[in-house]
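The structure appears below as structure tokens.
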Amino acid sequence: MPATPATIEQLARDVALSADAENALRALSALRTELDMLEPELVGRALQSGASWSQIARALGVTKQAAHRKHRHLSDWNPARPGASGPKMLVTSEARRAIQLAREEAHALGQVAVGTEHILLGILRCRQSHAVEALNALGVTLDAARECLQPTIVGIPSAPSAPGGPEAARPSRQTGITPQARRILEGSLREAVKRAEGYIGVEHLLLALLADSRNGATQTLEALRTTPNQIRRQLEREWERVAMAPPATAGPSGPPAPEGVTSRR
């Protein structure tokens with residue numbers, strides 16, 4: 001997750017004021033890493049507040065095409081509370097990252113569209129998540145899920161595997177998202193509203209996947225000898241464990257709401 005403003009400020013101070021050139025370079029490298037992690041969060045906020053890609057590109061000092069190519073996964077969601085005209089529901093940077101990782105998984109498998117099974121793989125690649133802890137506790141790991149993956153994408157061609165084809169050099173640009181996977185994004189909003197939480201996180205994505213027994217994600221989970229009910233119960237246990245634990249022993253993933261995300265109710 002992105003660093004706190006205080007951390008970024010301290011790193012910038014170390015870069016500017018450190019008398020040791022090697023320490024200053026280390027601080028500069030760390031600062032670049034933190035800013036790279038922070039950029040998608042800020043772009044996501046700008047999109048949710050109604051900023052256009054042209055405005056975002058001008059602010060970043062890049063072309064509109066470059067900004068969209070780098071951050072287009074942030075526009076997969078455009079969540080707003082059903083029937084509400086107020087502020088849109090916030091989507092955590094880790095949940096957005098899960099969808100970007102799902103795109104990578106689809107691309108690696110030669111698919112031109114993200115399916116629910118790819119979203120499951122994207123979730124499993126998000127380490128700072130109670131969803132992953134719950135899945136791992138039931139024996140569902142990234143490697144195991146890849147091994148037992150149950151694709152359900154029908155009628156969507158794979159990316160060309162033969163070299164030299166016109167699309168072979170850029171399959172990642174063609175990676176869309178299936179209607180079924182799109183419904184998962186919409187379902188994650190419903191899960192967040194159902195739990196009276198003011199943000200959409202990785203856990204809500206997982207709960208939305210579990211709500212449909214016919215999709216590739218749940219069929220993959222069944223192939224790993226687990227059921228949606230088992231996973232829901234385990235996720236509740238993870239949340240209860242963190243809620244009951246003292247702050248110093250709550251664990252690395254902390255509470256469900258990520259740092260910097262507040263409820264807008």
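In the structure tokens, each chain is lettered A, B, ... as it comes, each chain's residues begin at 1, and ligands are numbered from 1 in order of appearance.
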Looking only at alpha helix (DSSP H) from DSSP on the backbone, list the matching residues of region 33-142 of chain A as a CSV table (one decimal) with N, CA, C and O atoms, in the first residue's frame.
chain,number,residue,atom,x,y,z
A,33,THR,N,9.9,4.6,-5.4
A,33,THR,CA,9.0,3.4,-5.3
A,33,THR,C,7.7,3.8,-4.6
A,33,THR,O,6.6,3.4,-5.1
A,34,GLU,N,7.8,4.6,-3.6
A,34,GLU,CA,6.6,5.1,-2.9
A,34,GLU,C,5.7,5.9,-3.8
A,34,GLU,O,4.5,5.8,-3.8
A,35,LEU,N,6.3,6.8,-4.6
A,35,LEU,CA,5.5,7.7,-5.4
A,35,LEU,C,4.9,6.9,-6.6
A,35,LEU,O,3.7,7.1,-7.0
A,36,ASP,N,5.6,5.8,-7.1
A,36,ASP,CA,5.0,5.0,-8.1
A,36,ASP,C,3.8,4.2,-7.5
A,36,ASP,O,2.8,4.0,-8.3
A,37,MET,N,3.9,3.8,-6.2
A,37,MET,CA,2.7,3.1,-5.6
A,37,MET,C,1.6,4.1,-5.4
A,37,MET,O,0.4,3.7,-5.4
A,38,LEU,N,1.9,5.3,-5.1
A,38,LEU,CA,0.9,6.3,-4.8
A,38,LEU,C,0.1,6.8,-6.0
A,38,LEU,O,-1.1,7.1,-5.9
A,39,GLU,N,0.8,6.8,-7.2
A,39,GLU,CA,0.2,7.4,-8.4
A,39,GLU,C,-1.1,6.8,-8.7
A,39,GLU,O,-2.1,7.5,-9.0
A,40,PRO,N,-1.3,5.4,-8.8
A,40,PRO,CA,-2.6,4.8,-9.2
A,40,PRO,C,-3.7,5.2,-8.2
A,40,PRO,O,-4.8,5.4,-8.6
A,41,GLU,N,-3.3,5.4,-6.9
A,41,GLU,CA,-4.3,5.8,-5.9
A,41,GLU,C,-4.9,7.2,-6.2
A,41,GLU,O,-6.1,7.4,-6.2
A,42,LEU,N,-4.0,8.1,-6.6
A,42,LEU,CA,-4.4,9.4,-6.9
A,42,LEU,C,-5.1,9.5,-8.2
A,42,LEU,O,-6.1,10.3,-8.3
A,43,VAL,N,-4.7,8.8,-9.2
A,43,VAL,CA,-5.4,8.7,-10.5
A,43,VAL,C,-6.8,8.2,-10.3
A,43,VAL,O,-7.8,8.7,-10.8
A,44,GLY,N,-6.9,7.1,-9.5
A,44,GLY,CA,-8.2,6.6,-9.2
A,44,GLY,C,-9.2,7.6,-8.5
A,44,GLY,O,-10.3,7.7,-8.8
A,45,ARG,N,-8.6,8.3,-7.6
A,45,ARG,CA,-9.4,9.4,-6.9
A,45,ARG,C,-9.9,10.4,-7.9
A,45,ARG,O,-11.0,10.9,-7.9
A,46,ALA,N,-8.9,10.8,-8.8
A,46,ALA,CA,-9.3,11.8,-9.8
A,46,ALA,C,-10.4,11.3,-10.7
A,46,ALA,O,-11.3,12.1,-11.0
A,47,LEU,N,-10.3,10.1,-11.1
A,47,LEU,CA,-11.4,9.5,-12.0
A,47,LEU,C,-12.7,9.5,-11.3
A,47,LEU,O,-13.7,9.8,-11.8
A,48,GLN,N,-12.7,9.1,-10.0
A,48,GLN,CA,-13.9,9.1,-9.2
A,48,GLN,C,-14.5,10.4,-9.0
A,48,GLN,O,-15.7,10.6,-8.8
A,53,TRP,N,-9.5,11.9,-18.7
A,53,TRP,CA,-8.1,11.4,-19.0
A,53,TRP,C,-7.2,12.6,-19.5
A,53,TRP,O,-6.0,12.6,-19.2
A,54,SER,N,-7.7,13.5,-20.2
A,54,SER,CA,-6.9,14.7,-20.7
A,54,SER,C,-6.5,15.5,-19.5
A,54,SER,O,-5.3,15.9,-19.4
A,55,GLN,N,-7.3,15.7,-18.5
A,55,GLN,CA,-6.9,16.5,-17.3
A,55,GLN,C,-5.9,15.7,-16.5
A,55,GLN,O,-4.9,16.3,-16.0
A,56,ILE,N,-6.1,14.4,-16.4
A,56,ILE,CA,-5.1,13.6,-15.6
A,56,ILE,C,-3.8,13.6,-16.3
A,56,ILE,O,-2.7,13.7,-15.7
A,57,ALA,N,-3.8,13.5,-17.6
A,57,ALA,CA,-2.5,13.5,-18.4
A,57,ALA,C,-1.8,14.8,-18.3
A,57,ALA,O,-0.6,14.8,-18.1
A,58,ARG,N,-2.5,15.9,-18.3
A,58,ARG,CA,-1.9,17.2,-18.1
A,58,ARG,C,-1.2,17.3,-16.8
A,58,ARG,O,-0.1,17.8,-16.6
A,59,ALA,N,-1.9,16.8,-15.7
A,59,ALA,CA,-1.4,16.9,-14.4
A,59,ALA,C,-0.1,16.0,-14.2
A,59,ALA,O,0.8,16.4,-13.5
A,60,LEU,N,-0.1,14.9,-14.9
A,60,LEU,CA,1.1,14.0,-14.8
A,60,LEU,C,2.2,14.4,-15.8
A,60,LEU,O,3.3,13.9,-15.7
A,64,LYS,N,-2.2,11.9,-23.2
A,64,LYS,CA,-3.4,11.2,-22.8
A,64,LYS,C,-3.3,9.7,-23.0
A,64,LYS,O,-3.8,8.9,-22.2
A,65,GLN,N,-2.7,9.3,-24.2
A,65,GLN,CA,-2.6,7.9,-24.5
A,65,GLN,C,-1.7,7.2,-23.5
A,65,GLN,O,-2.0,6.1,-23.1
A,66,ALA,N,-0.6,7.9,-23.1
A,66,ALA,CA,0.3,7.2,-22.1
A,66,ALA,C,-0.4,7.1,-20.7
A,66,ALA,O,-0.3,6.0,-20.1
A,67,ALA,N,-1.2,8.1,-20.3
A,67,ALA,CA,-1.9,8.0,-19.0
A,67,ALA,C,-2.9,6.9,-19.1
A,67,ALA,O,-3.1,6.1,-18.1
A,68,HIS,N,-3.7,6.8,-20.2
A,68,HIS,CA,-4.7,5.8,-20.3
A,68,HIS,C,-4.1,4.4,-20.3
A,68,HIS,O,-4.7,3.5,-19.7
A,69,ARG,N,-3.1,4.3,-21.1
A,69,ARG,CA,-2.4,3.0,-21.2
A,69,ARG,C,-1.9,2.5,-19.9
A,69,ARG,O,-2.0,1.3,-19.5
A,70,LYS,N,-1.4,3.4,-19.1
A,70,LYS,CA,-0.8,3.0,-17.8
A,70,LYS,C,-1.8,2.7,-16.7
A,70,LYS,O,-1.7,1.8,-15.9
A,71,HIS,N,-2.9,3.5,-16.8
A,71,HIS,CA,-3.9,3.4,-15.7
A,71,HIS,C,-5.3,3.0,-16.1
A,71,HIS,O,-6.3,3.2,-15.3
A,93,SER,N,-7.0,0.8,-3.5
A,93,SER,CA,-5.9,0.6,-4.5
A,93,SER,C,-5.6,-0.9,-4.6
A,93,SER,O,-5.3,-1.4,-5.7
A,94,GLU,N,-5.7,-1.7,-3.5
A,94,GLU,CA,-5.5,-3.1,-3.6
A,94,GLU,C,-6.5,-3.9,-4.4
A,94,GLU,O,-6.2,-4.8,-5.2
A,95,ALA,N,-7.8,-3.4,-4.3
A,95,ALA,CA,-8.8,-4.0,-5.2
A,95,ALA,C,-8.6,-3.7,-6.6
A,95,ALA,O,-8.7,-4.6,-7.5
A,96,ARG,N,-8.2,-2.5,-6.9
A,96,ARG,CA,-7.9,-2.1,-8.3
A,96,ARG,C,-6.7,-2.9,-8.8
A,96,ARG,O,-6.6,-3.4,-10.0
A,97,ARG,N,-5.7,-3.1,-7.9
A,97,ARG,CA,-4.5,-3.9,-8.3
A,97,ARG,C,-4.9,-5.4,-8.6
A,97,ARG,O,-4.3,-6.0,-9.5
A,98,ALA,N,-5.9,-5.9,-7.9
A,98,ALA,CA,-6.3,-7.3,-8.1
A,98,ALA,C,-6.8,-7.4,-9.6
A,98,ALA,O,-6.6,-8.4,-10.2
A,99,ILE,N,-7.5,-6.4,-10.1
A,99,ILE,CA,-8.1,-6.4,-11.4
A,99,ILE,C,-6.9,-6.3,-12.4
A,99,ILE,O,-6.9,-7.0,-13.5
A,100,GLN,N,-5.9,-5.4,-12.1
A,100,GLN,CA,-4.8,-5.3,-13.0
A,100,GLN,C,-4.0,-6.7,-13.1
A,100,GLN,O,-3.6,-7.1,-14.2
A,101,LEU,N,-3.9,-7.3,-12.0
A,101,LEU,CA,-3.2,-8.6,-11.9
A,101,LEU,C,-4.0,-9.7,-12.7
A,101,LEU,O,-3.5,-10.6,-13.3
A,102,ALA,N,-5.3,-9.5,-12.6
A,102,ALA,CA,-6.2,-10.5,-13.3
A,102,ALA,C,-6.0,-10.3,-14.8
A,102,ALA,O,-6.0,-11.3,-15.6
A,103,ARG,N,-5.8,-9.1,-15.3
A,103,ARG,CA,-5.5,-8.8,-16.7
A,103,ARG,C,-4.2,-9.5,-17.1
A,103,ARG,O,-4.1,-10.1,-18.1
A,104,GLU,N,-3.2,-9.4,-16.2
A,104,GLU,CA,-1.9,-10.1,-16.5
A,104,GLU,C,-2.1,-11.6,-16.6
A,104,GLU,O,-1.5,-12.3,-17.4
A,105,GLU,N,-2.9,-12.2,-15.7
A,105,GLU,CA,-3.1,-13.6,-15.7
A,105,GLU,C,-3.8,-14.0,-17.0
A,105,GLU,O,-3.5,-15.0,-17.6
A,106,ALA,N,-4.8,-13.2,-17.4
A,106,ALA,CA,-5.5,-13.5,-18.7
A,106,ALA,C,-4.6,-13.5,-19.8
A,106,ALA,O,-4.6,-14.3,-20.7
A,107,HIS,N,-3.8,-12.4,-19.9
A,107,HIS,CA,-2.8,-12.3,-20.9
A,107,HIS,C,-1.8,-13.4,-21.0
A,107,HIS,O,-1.5,-14.0,-22.0
A,108,ALA,N,-1.3,-13.9,-19.8
A,108,ALA,CA,-0.4,-15.0,-19.7
A,108,ALA,C,-1.0,-16.3,-20.2
A,108,ALA,O,-0.3,-17.1,-20.8
A,116,THR,N,-13.9,-14.5,-14.7
A,116,THR,CA,-14.0,-14.6,-13.2
A,116,THR,C,-12.8,-15.4,-12.6
A,116,THR,O,-12.3,-15.1,-11.6
A,117,GLU,N,-12.3,-16.4,-13.4
A,117,GLU,CA,-11.2,-17.2,-12.9
A,117,GLU,C,-9.9,-16.4,-12.8
A,117,GLU,O,-9.1,-16.6,-11.9
A,118,HIS,N,-9.8,-15.4,-13.7
A,118,HIS,CA,-8.6,-14.6,-13.7
A,118,HIS,C,-8.7,-13.6,-12.5
A,118,HIS,O,-7.7,-13.3,-11.9
A,119,ILE,N,-9.9,-13.2,-12.2
A,119,ILE,CA,-10.1,-12.3,-11.0
A,119,ILE,C,-9.7,-13.1,-9.7
A,119,ILE,O,-9.1,-12.5,-8.8
A,120,LEU,N,-10.0,-14.3,-9.7
A,120,LEU,CA,-9.6,-15.2,-8.5
A,120,LEU,C,-8.1,-15.2,-8.4
A,120,LEU,O,-7.5,-15.0,-7.3
A,121,LEU,N,-7.4,-15.4,-9.5
A,121,LEU,CA,-6.0,-15.4,-9.5
A,121,LEU,C,-5.4,-14.0,-9.1
A,121,LEU,O,-4.4,-13.9,-8.4
A,122,GLY,N,-6.0,-13.0,-9.6
A,122,GLY,CA,-5.6,-11.6,-9.2
A,122,GLY,C,-5.8,-11.4,-7.7
A,122,GLY,O,-4.9,-10.8,-7.1
A,123,ILE,N,-6.9,-11.9,-7.1
A,123,ILE,CA,-7.1,-11.8,-5.7
A,123,ILE,C,-6.0,-12.5,-4.9
A,123,ILE,O,-5.4,-12.0,-4.0
A,124,LEU,N,-5.6,-13.7,-5.4
A,124,LEU,CA,-4.6,-14.5,-4.7
A,124,LEU,C,-3.2,-13.9,-4.8
A,124,LEU,O,-2.4,-14.3,-4.0
A,130,HIS,N,-7.3,-9.9,3.7
A,130,HIS,CA,-7.9,-10.9,4.5
A,130,HIS,C,-8.5,-12.0,3.6
A,130,HIS,O,-8.6,-13.2,4.0
A,131,ALA,N,-8.8,-11.6,2.3
A,131,ALA,CA,-9.4,-12.6,1.4
A,131,ALA,C,-8.3,-13.7,1.1
A,131,ALA,O,-8.6,-14.9,1.1
A,132,VAL,N,-7.1,-13.3,0.9
A,132,VAL,CA,-6.0,-14.3,0.6
A,132,VAL,C,-5.7,-15.1,1.9
A,132,VAL,O,-5.5,-16.3,1.8
A,133,GLU,N,-5.7,-14.5,3.1
A,133,GLU,CA,-5.5,-15.3,4.3
A,133,GLU,C,-6.6,-16.4,4.5
A,133,GLU,O,-6.3,-17.5,4.8
A,134,ALA,N,-7.8,-16.0,4.2
A,134,ALA,CA,-8.9,-16.9,4.3
A,134,ALA,C,-8.8,-18.1,3.3
A,134,ALA,O,-9.0,-19.3,3.6
A,135,LEU,N,-8.5,-17.7,2.0
A,135,LEU,CA,-8.3,-18.7,1.0
A,135,LEU,C,-7.1,-19.7,1.3
A,135,LEU,O,-7.2,-20.9,1.2
A,136,ASN,N,-6.0,-19.1,1.7
A,136,ASN,CA,-4.8,-19.9,2.0
A,136,ASN,C,-5.1,-20.8,3.2
A,136,ASN,O,-4.6,-22.0,3.2
A,137,ALA,N,-5.9,-20.4,4.2
A,137,ALA,CA,-6.2,-21.2,5.3
A,137,ALA,C,-6.9,-22.5,4.9
A,137,ALA,O,-6.9,-23.5,5.6
A,142,LEU,N,-2.1,-19.6,-4.8
A,142,LEU,CA,-2.0,-19.2,-6.2
A,142,LEU,C,-1.6,-20.3,-7.1
A,142,LEU,O,-2.2,-20.5,-8.1
Within 10 Å of Thr218 (chain A), counting only C-alpha atoms, which residues qualify if same-chain residues fewer than 2 places away don't, as an MDAnalysis selection string?
chainID A and resid 116:117 120 149:150 206 209:216 220:224 226:228
Could you jot down the CA of Arg146 (chain A) to CA of Glu238 (chain A) separation for me, Å, one decimal place?
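Between CA of Arg146 (chain A) and CA of Glu238 (chain A) the gap is 23.8 Å.
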Restricting the calculation to only C-alpha atoms: of A:Ala113, A:Ala145, A:Leu207, A:Leu235, which residue gets closest to Ile184 (chain A)?
A:Leu207
Work out how far apart CA of Lys194 (chain A) and CA of Leu138 (chain A) are and give it in Å to one decimal.
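Value for the CA of Lys194 (chain A)-CA of Leu138 (chain A) distance: 24.7 Å.
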Grab the CA of Glu203 (chain A) to CA of Ser188 (chain A) distance for me, in Å with one decimal place.
8.5 Å
Which is closer to Leu90 (chain A) than all the others in A:Leu189, A:Glu9, A:Arg195, A:Ile177, using only C-alpha atoms?
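For Leu90 (chain A), the nearest of the candidates is A:Leu189.
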Which one of A:Glu22, A:Glu236, A:Tyr199, A:Ala27 sits closest to Gln10 (chain A) if you count only C-alpha atoms?
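The answer is A:Ala27, which sits nearest to Gln10 (chain A).
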